[in-house]
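Structure file input-v4.cif; described as mmCIF, C-alpha atoms and all ligand atoms.
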data_work
#
loop_
_atom_site.label_atom_id
_atom_site.label_comp_id
_atom_site.auth_asym_id
_atom_site.auth_seq_id
_atom_site.Cartn_x
_atom_site.Cartn_y
_atom_site.Cartn_z
CA MET A 1 -113.82 -122.66 50.42
CA VAL A 2 -113.30 -119.12 51.62
CA ASP A 3 -116.17 -117.58 53.51
CA GLN A 4 -116.28 -114.08 52.14
CA ALA A 5 -119.88 -113.50 53.13
CA PRO A 6 -120.39 -110.33 55.15
CA PRO A 7 -120.50 -110.70 58.96
CA GLU A 8 -124.27 -110.12 59.11
CA ALA A 9 -124.80 -113.19 56.90
CA ARG A 10 -122.72 -115.33 59.26
CA SER A 11 -124.16 -114.15 62.56
CA SER A 12 -127.70 -113.30 63.57
CA ARG A 13 -126.59 -111.20 66.56
CA ARG A 14 -127.03 -107.48 66.64
CA ARG A 15 -123.55 -105.98 66.21
CA LEU A 16 -123.01 -102.77 68.17
CA ARG A 17 -120.55 -99.95 67.47
CA ALA A 18 -119.59 -96.88 69.47
CA CYS A 19 -118.64 -94.05 67.13
CA HIS A 20 -114.94 -93.28 67.45
CA GLU A 21 -115.53 -89.55 66.98
CA CYS A 22 -118.66 -88.86 69.05
CA ASP A 23 -119.10 -92.00 71.22
CA TRP A 24 -122.69 -92.60 70.00
CA LEU A 25 -123.78 -96.26 70.34
CA VAL A 26 -125.55 -97.79 67.37
CA ALA A 27 -126.36 -101.21 65.94
CA LEU A 28 -124.72 -101.81 62.55
CA PRO A 29 -127.29 -102.36 59.78
CA PRO A 30 -126.76 -105.18 57.23
CA LEU A 31 -124.57 -103.78 54.45
CA SER A 32 -124.39 -104.72 50.76
CA PRO A 33 -121.13 -104.43 48.81
CA GLY A 34 -120.34 -100.79 48.11
CA GLN A 35 -122.39 -99.57 51.06
CA ARG A 36 -121.09 -97.89 54.19
CA ALA A 37 -122.60 -97.31 57.60
CA ASN A 38 -122.21 -93.77 58.92
CA CYS A 39 -122.75 -92.53 62.46
CA PRO A 40 -126.23 -90.94 62.63
CA ARG A 41 -124.93 -88.26 64.99
CA CYS A 42 -121.63 -87.04 63.47
CA GLY A 43 -121.42 -88.79 60.08
CA HIS A 44 -118.20 -90.69 60.84
CA THR A 45 -117.89 -93.90 58.77
CA LEU A 46 -118.36 -96.92 61.02
CA ALA A 47 -118.00 -99.68 58.43
CA THR A 48 -117.49 -99.98 54.67
CA ARG A 49 -118.45 -103.13 52.81
CA HIS A 50 -116.59 -104.40 49.72
CA ARG A 51 -117.29 -107.29 47.35
CA GLN A 52 -114.64 -110.06 47.64
CA PRO A 53 -112.64 -108.07 50.22
CA ALA A 54 -109.76 -110.56 50.59
CA GLN A 55 -109.07 -111.06 46.87
CA ARG A 56 -109.44 -107.36 46.21
CA SER A 57 -106.96 -106.21 48.88
CA MET A 58 -104.57 -109.05 48.04
CA ALA A 59 -104.50 -108.21 44.32
CA LEU A 60 -104.05 -104.49 44.94
CA ALA A 61 -101.33 -105.01 47.57
CA MET A 62 -99.39 -107.38 45.28
CA ALA A 63 -99.61 -104.97 42.36
CA ALA A 64 -98.53 -102.06 44.55
CA MET A 65 -95.58 -104.09 45.87
CA VAL A 66 -94.41 -104.87 42.32
CA ALA A 67 -94.65 -101.17 41.45
CA LEU A 68 -92.66 -100.25 44.58
CA LEU A 69 -89.93 -102.79 43.75
CA LEU A 70 -89.70 -101.40 40.20
CA ALA A 71 -89.58 -97.86 41.61
CA ILE A 72 -86.55 -98.61 43.76
CA SER A 73 -84.68 -100.60 41.09
CA PHE A 74 -84.46 -98.10 38.23
CA PRO A 75 -83.27 -94.50 37.79
CA PHE A 76 -85.78 -92.04 39.21
CA VAL A 77 -84.86 -88.84 37.42
CA SER A 78 -81.80 -87.27 35.82
CA PHE A 79 -80.68 -83.74 35.08
CA SER A 80 -77.98 -82.18 32.96
CA THR A 81 -76.71 -78.67 32.45
CA SER A 82 -73.84 -77.55 30.22
CA GLY A 83 -72.74 -81.12 29.67
CA VAL A 84 -72.59 -81.97 33.39
CA GLY A 85 -75.31 -84.07 34.90
CA ASN A 86 -76.49 -86.45 37.56
CA ARG A 87 -78.89 -89.36 37.72
CA ILE A 88 -80.53 -90.50 40.94
CA GLU A 89 -82.49 -93.45 42.21
CA LEU A 90 -85.45 -93.11 44.56
CA THR A 91 -83.46 -94.04 47.69
CA HIS A 92 -80.82 -91.36 46.96
CA THR A 93 -83.36 -88.75 48.08
CA ALA A 94 -82.79 -90.05 51.61
CA THR A 95 -79.17 -91.25 51.52
CA THR A 96 -77.81 -87.95 50.17
CA LEU A 97 -79.29 -86.13 53.17
CA ILE A 98 -77.22 -88.30 55.53
CA GLY A 99 -74.11 -86.96 53.80
CA PHE A 100 -75.22 -83.44 54.73
CA ASP A 101 -75.68 -84.29 58.43
CA GLN A 102 -79.47 -84.51 58.18
CA PRO A 103 -80.01 -88.09 59.36
CA LEU A 104 -83.40 -87.35 60.97
CA VAL A 105 -84.82 -85.82 57.81
CA ALA A 106 -83.34 -88.73 55.85
CA ILE A 107 -85.12 -91.22 58.14
CA ALA A 108 -88.40 -89.30 57.85
CA VAL A 109 -88.12 -89.35 54.04
CA ILE A 110 -87.20 -93.02 53.55
CA MET A 111 -89.75 -94.19 56.14
CA THR A 112 -92.69 -92.27 54.70
CA ILE A 113 -91.98 -92.92 51.01
CA ALA A 114 -90.81 -96.55 50.99
CA VAL A 115 -90.27 -98.44 54.28
CA LEU A 116 -93.65 -97.93 55.97
CA PRO A 117 -95.66 -98.40 52.74
CA GLY A 118 -93.61 -101.56 52.04
CA LEU A 119 -94.32 -102.95 55.52
CA TYR A 120 -97.97 -102.03 55.16
CA LEU A 121 -98.26 -103.93 51.88
CA LEU A 122 -96.48 -106.99 53.31
CA GLY A 123 -98.86 -106.86 56.28
CA VAL A 124 -101.92 -106.69 54.03
CA MET A 125 -100.65 -109.64 51.95
CA TRP A 126 -99.88 -111.73 55.05
CA LEU A 127 -103.33 -111.06 56.50
CA GLN A 128 -105.31 -111.66 53.33
CA LEU A 129 -103.32 -114.80 52.49
CA GLY A 130 -104.44 -116.28 55.81
CA LEU A 131 -108.01 -115.16 55.33
CA LEU A 132 -108.13 -116.57 51.78
CA GLN A 133 -107.15 -119.98 53.17
CA ASP A 134 -109.70 -119.49 55.94
CA GLN A 135 -106.90 -120.00 58.45
CA PRO A 136 -105.31 -116.77 59.74
CA LEU A 137 -101.50 -116.90 59.70
CA PRO A 138 -99.53 -116.33 62.92
CA ALA A 139 -99.46 -112.78 64.34
CA SER A 140 -102.40 -111.78 62.15
CA ARG A 141 -104.11 -109.85 64.95
CA HIS A 142 -100.95 -107.85 65.77
CA ILE A 143 -100.44 -107.04 62.11
CA ALA A 144 -104.08 -106.06 61.57
CA ARG A 145 -103.80 -103.72 64.57
CA SER A 146 -100.57 -102.15 63.29
CA LEU A 147 -101.97 -101.46 59.82
CA ALA A 148 -104.41 -98.87 61.17
CA HIS A 149 -101.57 -97.08 62.98
CA LEU A 150 -99.29 -97.05 59.91
CA ASN A 151 -101.86 -95.48 57.64
CA PRO A 152 -101.33 -91.72 58.26
CA TRP A 153 -97.52 -92.04 58.00
CA MET A 154 -97.41 -93.31 54.42
CA MET A 155 -96.86 -90.36 52.10
CA ALA A 156 -96.34 -91.71 48.59
CA ASP A 157 -98.96 -89.34 47.16
CA VAL A 158 -97.38 -86.33 48.88
CA PHE A 159 -93.97 -87.37 47.53
CA ILE A 160 -95.30 -87.34 43.95
CA VAL A 161 -96.45 -83.75 44.43
CA GLY A 162 -93.03 -82.93 45.94
CA ALA A 163 -91.30 -84.50 42.92
CA LEU A 164 -93.42 -82.52 40.45
CA VAL A 165 -92.75 -79.27 42.33
CA SER A 166 -88.97 -79.93 42.40
CA LEU A 167 -88.84 -80.71 38.71
CA ILE A 168 -90.76 -77.58 37.77
CA LYS A 169 -88.48 -75.56 40.07
CA VAL A 170 -85.31 -76.63 38.23
CA SER A 171 -86.76 -77.03 34.74
CA ASP A 172 -85.53 -73.55 33.78
CA LEU A 173 -81.98 -74.21 34.96
CA ALA A 174 -81.34 -77.66 33.61
CA GLN A 175 -82.62 -80.43 31.40
CA ILE A 176 -84.71 -82.96 33.31
CA GLU A 177 -85.40 -86.50 32.23
CA LEU A 178 -87.88 -88.71 34.05
CA GLY A 179 -86.73 -92.29 34.60
CA LEU A 180 -88.76 -95.51 34.57
CA SER A 181 -88.78 -95.45 38.35
CA PHE A 182 -90.64 -92.12 38.41
CA TRP A 183 -93.58 -93.60 36.51
CA ALA A 184 -93.45 -96.79 38.55
CA TYR A 185 -93.64 -94.71 41.71
CA CYS A 186 -96.69 -92.81 40.40
CA VAL A 187 -98.43 -96.15 39.74
CA PHE A 188 -97.33 -97.36 43.19
CA ALA A 189 -98.77 -94.26 44.92
CA LEU A 190 -102.11 -94.80 43.18
CA LEU A 191 -102.24 -98.54 43.95
CA LEU A 192 -101.28 -97.90 47.60
CA LEU A 193 -104.20 -95.50 47.89
CA PHE A 194 -106.56 -98.11 46.40
CA THR A 195 -105.14 -100.77 48.75
CA THR A 196 -105.78 -98.68 51.88
CA GLN A 197 -109.31 -98.00 50.67
CA SER A 198 -109.96 -101.66 49.84
CA ILE A 199 -109.55 -102.87 53.42
CA ASP A 200 -112.94 -103.92 54.81
CA SER A 201 -111.85 -103.80 58.42
CA ASP A 202 -115.27 -104.87 59.77
CA TRP A 203 -115.20 -108.05 57.66
CA MET A 204 -111.48 -108.60 58.36
CA TRP A 205 -111.84 -108.50 62.16
CA PHE A 206 -114.97 -110.64 62.05
CA SER A 207 -113.11 -113.23 59.97
CA LEU A 208 -109.99 -113.07 62.16
CA ALA A 209 -111.58 -113.27 65.59
CA GLY A 210 -115.36 -113.50 65.34
CA GLU A 211 -117.53 -111.05 67.20
CA PRO A 212 -117.77 -111.40 71.01
CA LEU A 213 -121.14 -110.35 72.41
CA ALA A 214 -121.52 -106.72 73.43
CA PRO A 215 -121.58 -106.28 77.24
CA GLU A 216 -124.97 -107.10 78.74
CA GLY A 217 -127.40 -104.23 79.12
CA THR A 218 -125.72 -102.03 76.49
CA ARG A 219 -128.14 -99.31 75.43
CA THR A 220 -127.98 -97.85 71.92
CA GLY A 221 -129.03 -94.33 70.96
CA THR A 222 -126.88 -92.77 73.67
CA THR A 223 -123.16 -92.42 74.39
CA ALA A 224 -120.88 -95.24 75.52
CA ALA A 225 -118.80 -93.56 78.26
CA PRO A 226 -121.61 -93.02 80.84
CA GLN A 227 -122.40 -96.78 80.57
CA GLY A 228 -118.75 -97.63 81.34
CA LEU A 229 -118.22 -98.77 77.74
CA ALA A 230 -115.86 -97.83 74.93
CA GLY A 231 -115.75 -98.65 71.23
CA CYS A 232 -112.42 -100.04 70.03
CA PRO A 233 -110.80 -97.55 67.61
CA THR A 234 -109.12 -100.41 65.71
CA CYS A 235 -111.67 -103.22 65.36
CA GLY A 236 -114.86 -101.44 66.44
CA LEU A 237 -115.96 -103.89 69.16
CA VAL A 238 -117.82 -102.40 72.13
CA ASN A 239 -116.02 -103.30 75.37
CA ARG A 240 -116.72 -102.79 79.07
CA LEU A 241 -114.03 -100.64 80.72
CA GLU A 242 -112.54 -101.04 84.18
CA ALA A 243 -113.66 -98.60 86.86
CA SER A 244 -110.56 -96.49 86.05
CA GLY A 245 -111.96 -95.80 82.57
CA ARG A 246 -109.30 -97.96 80.88
CA GLY A 247 -109.23 -101.44 79.43
CA HIS A 248 -108.13 -103.63 76.55
CA CYS A 249 -110.19 -104.73 73.58
CA LEU A 250 -111.37 -108.33 73.92
CA ARG A 251 -111.04 -108.96 70.21
CA CYS A 252 -107.89 -107.14 69.03
CA GLY A 253 -106.06 -106.25 72.27
CA GLU A 254 -105.98 -102.49 71.58
CA ARG A 255 -105.73 -100.24 74.65
CA LEU A 256 -109.03 -98.53 75.34
CA HIS A 257 -109.90 -95.33 77.17
CA ALA A 258 -113.26 -93.75 77.94
CA ARG A 259 -111.49 -90.60 76.72
CA LEU A 260 -107.83 -90.36 75.68
CA PRO A 261 -105.89 -89.60 78.90
CA HIS A 262 -104.80 -85.95 79.27
CA SER A 263 -105.92 -85.38 75.70
CA LEU A 264 -106.09 -81.58 75.90
CA GLN A 265 -102.82 -81.19 77.84
CA ARG A 266 -100.96 -83.42 75.39
CA THR A 267 -102.43 -81.65 72.38
CA TRP A 268 -101.49 -78.25 73.88
CA ALA A 269 -97.94 -79.42 74.59
CA LEU A 270 -97.47 -80.76 71.05
CA LEU A 271 -98.99 -77.60 69.54
CA ALA A 272 -96.64 -75.42 71.61
CA ALA A 273 -93.64 -77.47 70.46
CA ALA A 274 -94.81 -77.25 66.84
CA ALA A 275 -95.33 -73.47 67.07
CA LEU A 276 -91.84 -73.12 68.55
CA MET A 277 -90.26 -75.19 65.76
CA TYR A 278 -92.12 -73.16 63.16
CA ILE A 279 -89.90 -70.17 64.03
CA PRO A 280 -86.52 -71.72 63.00
CA ALA A 281 -88.36 -73.39 60.10
CA ASN A 282 -89.02 -69.92 58.68
CA VAL A 283 -86.00 -67.96 59.90
CA TYR A 284 -83.28 -70.31 58.66
CA PRO A 285 -82.76 -71.27 55.02
CA ILE A 286 -84.43 -74.51 53.96
CA MET A 287 -81.87 -74.98 51.16
CA THR A 288 -78.89 -73.25 49.59
CA THR A 289 -78.34 -73.15 45.84
CA THR A 290 -74.72 -72.80 44.77
CA SER A 291 -74.15 -71.80 41.18
CA LEU A 292 -70.70 -70.95 39.77
CA GLY A 293 -69.30 -70.32 43.25
CA HIS A 294 -72.18 -68.05 44.23
CA SER A 295 -74.26 -69.30 47.18
CA ASP A 296 -77.90 -68.32 47.49
CA PRO A 297 -79.67 -69.52 50.65
CA SER A 298 -83.47 -69.42 50.53
CA THR A 299 -86.09 -69.65 53.25
CA ILE A 300 -89.55 -71.16 52.78
CA ILE A 301 -91.12 -67.77 52.05
CA GLY A 302 -88.07 -66.78 49.96
CA GLY A 303 -88.63 -69.88 47.85
CA VAL A 304 -92.26 -68.92 47.26
CA VAL A 305 -91.29 -65.35 46.25
CA GLU A 306 -88.63 -66.77 43.89
CA LEU A 307 -91.21 -69.02 42.25
CA ILE A 308 -93.54 -66.06 41.72
CA GLN A 309 -90.71 -64.09 40.13
CA MET A 310 -90.01 -67.06 37.84
CA GLY A 311 -93.66 -66.92 36.85
CA SER A 312 -94.44 -70.38 38.29
CA TRP A 313 -97.65 -69.28 39.96
CA PRO A 314 -99.26 -72.72 40.36
CA VAL A 315 -96.14 -74.17 42.04
CA ALA A 316 -95.82 -71.09 44.27
CA VAL A 317 -99.43 -71.59 45.36
CA VAL A 318 -98.80 -75.30 46.10
CA ILE A 319 -95.72 -74.54 48.23
CA PHE A 320 -97.44 -71.63 49.99
CA MET A 321 -100.45 -73.80 50.81
CA ALA A 322 -98.34 -76.74 51.99
CA SER A 323 -95.74 -74.79 53.95
CA VAL A 324 -97.67 -71.83 55.36
CA ILE A 325 -101.45 -72.17 55.14
CA VAL A 326 -101.68 -75.86 56.16
CA PRO A 327 -99.32 -75.85 59.20
CA VAL A 328 -100.46 -72.46 60.52
CA GLY A 329 -104.10 -73.27 59.83
CA LYS A 330 -103.68 -76.59 61.61
CA LEU A 331 -102.06 -74.98 64.66
CA VAL A 332 -104.80 -72.35 64.90
CA ALA A 333 -107.64 -74.81 64.28
CA LEU A 334 -106.45 -77.33 66.87
CA ALA A 335 -105.73 -74.61 69.45
CA TRP A 336 -109.22 -73.21 68.88
CA LEU A 337 -110.79 -76.68 69.21
CA CYS A 338 -108.94 -77.20 72.52
CA LEU A 339 -110.04 -73.78 73.78
CA VAL A 340 -113.72 -74.10 72.98
CA VAL A 341 -114.11 -77.84 73.60
CA LYS A 342 -115.69 -77.31 77.02
CA ARG A 343 -118.23 -74.89 75.51
CA SER A 344 -119.39 -77.29 72.81
CA ASN A 345 -123.03 -78.04 72.21
CA GLU A 346 -124.94 -80.34 69.89
CA LEU A 347 -125.50 -77.49 67.44
CA ASN A 348 -121.88 -76.60 66.74
CA ALA A 349 -120.34 -80.02 67.47
CA ALA A 350 -120.86 -81.26 63.90
CA HIS A 351 -118.98 -78.25 62.49
CA ARG A 352 -116.18 -78.66 65.01
CA THR A 353 -115.86 -82.36 64.18
CA TRP A 354 -115.71 -81.45 60.51
CA LEU A 355 -112.88 -78.98 61.26
CA TYR A 356 -111.07 -81.67 63.27
CA ARG A 357 -111.35 -84.15 60.38
CA LEU A 358 -110.01 -81.53 57.99
CA THR A 359 -106.92 -80.86 60.16
CA GLU A 360 -106.31 -84.59 60.44
CA PHE A 361 -106.66 -85.07 56.69
CA ILE A 362 -104.51 -82.19 55.43
CA GLY A 363 -101.66 -82.47 57.97
CA ARG A 364 -99.43 -84.83 56.00
CA TRP A 365 -99.56 -82.65 52.87
CA SER A 366 -97.18 -80.17 54.53
CA MET A 367 -94.39 -82.68 53.91
CA VAL A 368 -94.26 -81.49 50.27
CA ASP A 369 -91.53 -78.94 51.02
CA VAL A 370 -89.39 -81.47 52.89
CA PHE A 371 -89.63 -83.84 49.91
CA VAL A 372 -88.73 -81.00 47.53
CA VAL A 373 -85.53 -80.41 49.52
CA ALA A 374 -84.72 -84.14 49.61
CA ILE A 375 -85.16 -84.51 45.84
CA LEU A 376 -83.29 -81.35 44.84
CA VAL A 377 -80.37 -82.03 47.20
CA ALA A 378 -79.95 -85.53 45.75
CA LEU A 379 -80.48 -84.53 42.13
CA ILE A 380 -78.70 -81.20 41.71
CA ARG A 381 -75.09 -82.29 42.15
CA ALA A 382 -72.87 -80.78 39.48
CA GLY A 383 -69.94 -79.61 41.59
CA THR A 384 -69.19 -75.90 41.40
CA LEU A 385 -71.38 -75.49 38.36
CA MET A 386 -74.58 -76.02 40.32
CA SER A 387 -75.46 -77.77 43.56
CA ILE A 388 -78.13 -77.61 46.25
CA THR A 389 -77.54 -78.29 49.94
CA PRO A 390 -80.14 -78.64 52.71
CA GLY A 391 -80.54 -75.93 55.34
CA PRO A 392 -81.36 -76.21 59.06
CA ALA A 393 -84.99 -75.26 58.38
CA ALA A 394 -85.57 -78.63 56.69
CA LEU A 395 -85.30 -80.48 60.02
CA ALA A 396 -87.31 -77.83 61.88
CA PHE A 397 -90.07 -77.96 59.28
CA ALA A 398 -90.20 -81.77 59.24
CA ALA A 399 -90.56 -81.57 63.05
CA VAL A 400 -93.50 -79.13 62.65
CA VAL A 401 -95.27 -81.60 60.35
CA VAL A 402 -94.73 -84.58 62.67
CA LEU A 403 -95.65 -82.61 65.82
CA THR A 404 -98.89 -81.24 64.35
CA MET A 405 -99.83 -84.72 63.11
CA LEU A 406 -99.26 -86.10 66.62
CA ALA A 407 -101.24 -83.19 68.10
CA ALA A 408 -104.23 -84.09 65.91
CA MET A 409 -103.90 -87.73 66.99
CA THR A 410 -103.81 -86.97 70.73
CA PHE A 411 -106.88 -84.72 70.47
CA ASP A 412 -109.94 -86.80 71.37
CA PRO A 413 -112.83 -85.67 69.12
CA ARG A 414 -115.32 -87.30 71.52
CA LEU A 415 -114.64 -84.38 73.90
CA ILE A 416 -116.37 -82.09 71.38
CA TRP A 417 -119.61 -84.06 71.93
CA ASP A 418 -119.32 -84.39 75.70
CA THR A 419 -122.21 -82.12 76.53
CA PRO A 420 -124.94 -83.09 79.00
CA LEU A 421 -127.84 -84.50 76.99
CA PRO A 422 -131.38 -83.28 77.62
CA ARG A 423 -133.32 -85.77 79.83
CA ASP A 424 -135.97 -86.70 77.25
CA ARG A 425 -133.29 -88.15 74.91
CA HIS A 426 -133.05 -91.22 77.15
CA ALA A 427 -136.73 -92.17 76.76
CA THR A 428 -136.47 -93.99 73.42
CA GLN A 429 -133.35 -96.10 73.91
CA GLY A 430 -133.14 -99.78 73.07
CA THR A 431 -131.47 -102.40 75.26
CA THR A 432 -129.56 -105.55 74.40
CA GLY A 433 -129.76 -108.65 76.46
ZN ZN B 1 -120.34 -90.24 65.61
ZN ZN B 2 -110.50 -103.99 69.14
#
What is this file in structure tokens?
Amino acid sequence: MVDQAPPEARSSRRRLRACHECDWLVALPPLSPGQRANCPRCGHTLATRHRQPAQRSMALAMAAMVALLLAISFPFVSFSTSGVGNRIELTHTATTLIGFDQPLVAIAVIMTIAVLPGLYLLGVMWLQLGLLQDQPLPASRHIARSLAHLNPWMMADVFIVGALVSLIKVSDLAQIELGLSFWAYCVFALLLLFTTQSIDSDWMWFSLAGEPLAPEGTRTGTTAAPQGLAGCPTCGLVNRLEASGRGHCLRCGERLHARLPHSLQRTWALLAAAALMYIPANVYPIMTTTSLGHSDPSTIIGGVVELIQMGSWPVAVVIFMASVIVPVGKLVALAWLCLVVKRSNELNAAHRTWLYRLTEFIGRWSMVDVFVVAILVALIRAGTLMSITPGPAALAFAAVVVLTMLAAMTFDPRLIWDTPLPRDRHATQGTTG
């Protein structure tokens, strides 16, 4: 029989968590299905409880996998103009780019739309299969640790938006027909989203490896770092760090740091690189449309202006948001957070954390324009009549997206909260023992 009872029903110990975003130490309350525990200081979600977590994730992951397999087996979309046409499959969006000497963009596309989501789903199925038999399968801990790292790099939902934008862009020039694979991919994107949200990581880690006792003398209602402790970002366990401020999680093996090493320097370096790449991304054409021997290169902004002239306001707004507002806003927001981090206080820290979460959340949506290029280049192949080729800006812009995502990941939000606490805060703290 599978023990799907929540951890608090299987252990009477107080389970401690250190908030990953503000380092506040709290004891997890008992949770009922559908409930979540949020950090009392910054609001970050510490644990989410689901009913029947193993069956739920397993069912969703299997359904999503079937949808993904259907999506790569059938025609994705086809176009025709003046009797000439082309039909593509999902994977052609990446393979065609290799033919135009854009292997890096091709890798970014195929990884984010199919390979990483596929691996993620296999990982979820492997894990839950073990948990359903009450006997974790080999390598379960490694896989469970990897799943959390894969999450931000899966972009099925962004790809759907990219596909819709591309189709609207060419709908005036040619006849477009959506294939079975297009609909399968929409279903897959939705199921993948449900799968990632179905993972009850607190229950999963408890079932995989139990819950080692928190270090003796851990005080809640204060931060972890001054006590020489750190909360594991992957499984949540509170661990004692070595004197150097580093360590490894006892339960999942994740590397731990009191604060991410050289967080601000690394974030600055990545932001500078992203800002630098944003210049060629805008100066060079992102794609060139050739129609009846006439070549028309267009930059990101040029593409937006063209869409406005065509009267496609909504699509122009989507591209402008994804390609200009989001990356520039992200660069500015992260640079500002780095600049003012030392002057944080409890009053503005919540707002700054909210801004940080926003930059982390919206970053991947900038990939829309890269996907638009990938789809159009693969689809619009009608020789001299009409064809679209990728420009050098595609690689530069993909680099901007990846670099800003990495910059958000290297920024340690706990630094925002690292302000000396007033003395009287320490008076009402509890102690474990
Ligand atoms: Zn917090
Ligand atoms: Zn851990």
Kindly assemble as JSON lines a list of the chain A residues that lie within 8 Å of ligand ZN 1 (chain B), each paired with its nearest atom pair and their distance in Å to one decimal, using all atoms listed in the file, sorted first by chain and then by ascending residue number.
{"residue": "A:Ala18", "atom": "CA", "partner": "B:ZN1", "partner_atom": "ZN", "distance": 7.7}
{"residue": "A:Cys19", "atom": "CA", "partner": "B:ZN1", "partner_atom": "ZN", "distance": 4.4}
{"residue": "A:His20", "atom": "CA", "partner": "B:ZN1", "partner_atom": "ZN", "distance": 6.5}
{"residue": "A:Glu21", "atom": "CA", "partner": "B:ZN1", "partner_atom": "ZN", "distance": 5.0}
{"residue": "A:Cys22", "atom": "CA", "partner": "B:ZN1", "partner_atom": "ZN", "distance": 4.1}
{"residue": "A:Asp23", "atom": "CA", "partner": "B:ZN1", "partner_atom": "ZN", "distance": 6.0}
{"residue": "A:Trp24", "atom": "CA", "partner": "B:ZN1", "partner_atom": "ZN", "distance": 5.5}
{"residue": "A:Asn38", "atom": "CA", "partner": "B:ZN1", "partner_atom": "ZN", "distance": 7.8}
{"residue": "A:Cys39", "atom": "CA", "partner": "B:ZN1", "partner_atom": "ZN", "distance": 4.6}
{"residue": "A:Pro40", "atom": "CA", "partner": "B:ZN1", "partner_atom": "ZN", "distance": 6.6}
{"residue": "A:Arg41", "atom": "CA", "partner": "B:ZN1", "partner_atom": "ZN", "distance": 5.0}
{"residue": "A:Cys42", "atom": "CA", "partner": "B:ZN1", "partner_atom": "ZN", "distance": 4.1}
{"residue": "A:Gly43", "atom": "CA", "partner": "B:ZN1", "partner_atom": "ZN", "distance": 5.8}
{"residue": "A:His44", "atom": "CA", "partner": "B:ZN1", "partner_atom": "ZN", "distance": 5.2}
Point-to-point distance from CA of Thr384 in chain A to CA of Gly293 in chain A, Å rounded to tenths: 5.9 Å
Per residue of chain A within 7 Å of ligand ZN 2 (chain B), which atom pair is closest and at what distance in Å (one decimal), using all atoms listed in the file, listed by chain and increasing number, as JSON lines?
{"residue": "A:Cys232", "atom": "CA", "partner": "B:ZN2", "partner_atom": "ZN", "distance": 4.5}
{"residue": "A:Pro233", "atom": "CA", "partner": "B:ZN2", "partner_atom": "ZN", "distance": 6.6}
{"residue": "A:Thr234", "atom": "CA", "partner": "B:ZN2", "partner_atom": "ZN", "distance": 5.1}
{"residue": "A:Cys235", "atom": "CA", "partner": "B:ZN2", "partner_atom": "ZN", "distance": 4.0}
{"residue": "A:Gly236", "atom": "CA", "partner": "B:ZN2", "partner_atom": "ZN", "distance": 5.7}
{"residue": "A:Leu237", "atom": "CA", "partner": "B:ZN2", "partner_atom": "ZN", "distance": 5.5}
{"residue": "A:Cys249", "atom": "CA", "partner": "B:ZN2", "partner_atom": "ZN", "distance": 4.5}
{"residue": "A:Leu250", "atom": "CA", "partner": "B:ZN2", "partner_atom": "ZN", "distance": 6.5}
{"residue": "A:Arg251", "atom": "CA", "partner": "B:ZN2", "partner_atom": "ZN", "distance": 5.1}
{"residue": "A:Cys252", "atom": "CA", "partner": "B:ZN2", "partner_atom": "ZN", "distance": 4.1}
{"residue": "A:Gly253", "atom": "CA", "partner": "B:ZN2", "partner_atom": "ZN", "distance": 5.9}
{"residue": "A:Glu254", "atom": "CA", "partner": "B:ZN2", "partner_atom": "ZN", "distance": 5.4}
Would you save the residues of that selection, restricted to C-alpha atoms, as a PDB file, keeping the file's coordinate frame?
ATOM      1  CA  CYS A 232    -112.420-100.040  70.030  1.00  0.00           C
ATOM      2  CA  PRO A 233    -110.800 -97.550  67.610  1.00  0.00           C
ATOM      3  CA  THR A 234    -109.120-100.410  65.710  1.00  0.00           C
ATOM      4  CA  CYS A 235    -111.670-103.220  65.360  1.00  0.00           C
ATOM      5  CA  GLY A 236    -114.860-101.440  66.440  1.00  0.00           C
ATOM      6  CA  LEU A 237    -115.960-103.890  69.160  1.00  0.00           C
ATOM      7  CA  CYS A 249    -110.190-104.730  73.580  1.00  0.00           C
ATOM      8  CA  LEU A 250    -111.370-108.330  73.920  1.00  0.00           C
ATOM      9  CA  ARG A 251    -111.040-108.960  70.210  1.00  0.00           C
ATOM     10  CA  CYS A 252    -107.890-107.140  69.030  1.00  0.00           C
ATOM     11  CA  GLY A 253    -106.060-106.250  72.270  1.00  0.00           C
ATOM     12  CA  GLU A 254    -105.980-102.490  71.580  1.00  0.00           C
TER      13      GLU A 254
END
Two-atom distance - CA of Ile176 in chain A, CA of Ser80 in chain A (Å):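 Computing the Euclidean distance for CA of Ile176 in chain A and CA of Ser80 in chain A yields 6.8 Å.
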Interatomic distance (Å, one decimal) between CA of Pro30 in chain A and CA of Ala61 in chain A: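 Calculated distance between CA of Pro30 in chain A and CA of Ala61 in chain A is 27.2 Å.
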Closest of A:Glu360, A:Glu346, A:Asp418, A:Glu89 to Trp153 in chain A - atom-to-atom distances counting only C-alpha atoms: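 With only C-alpha atoms as the atom set, the closest residue is A:Glu360.
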Write out as a Markdown table a residue-level contact list of range 158-259 of chain A versus range 81-87 of chain A with cut-off 12 Å: for each qualifying residue the closest pair of atoms and the distance in Å to one decimal, counting all atoms listed in the file, rows sorted by chain and residue number upward.
| residue | atom | partner | partner_atom | distance |
| --- | --- | --- | --- | --- |
| A:Val170 | CA | A:Thr81 | CA | 10.6 |
| A:Ser171 | CA | A:Thr81 | CA | 10.4 |
| A:Asp172 | CA | A:Thr81 | CA | 10.3 |
| A:Leu173 | CA | A:Thr81 | CA | 7.3 |
| A:Ala174 | CA | A:Thr81 | CA | 4.9 |
| A:Gln175 | CA | A:Thr81 | CA | 6.3 |
| A:Ile176 | CA | A:Thr81 | CA | 9.1 |
| A:Glu177 | CA | A:Arg87 | CA | 9.0 |
| A:Leu178 | CA | A:Arg87 | CA | 9.7 |
| A:Gly179 | CA | A:Arg87 | CA | 8.9 |
| A:Ser181 | CA | A:Arg87 | CA | 11.6 |
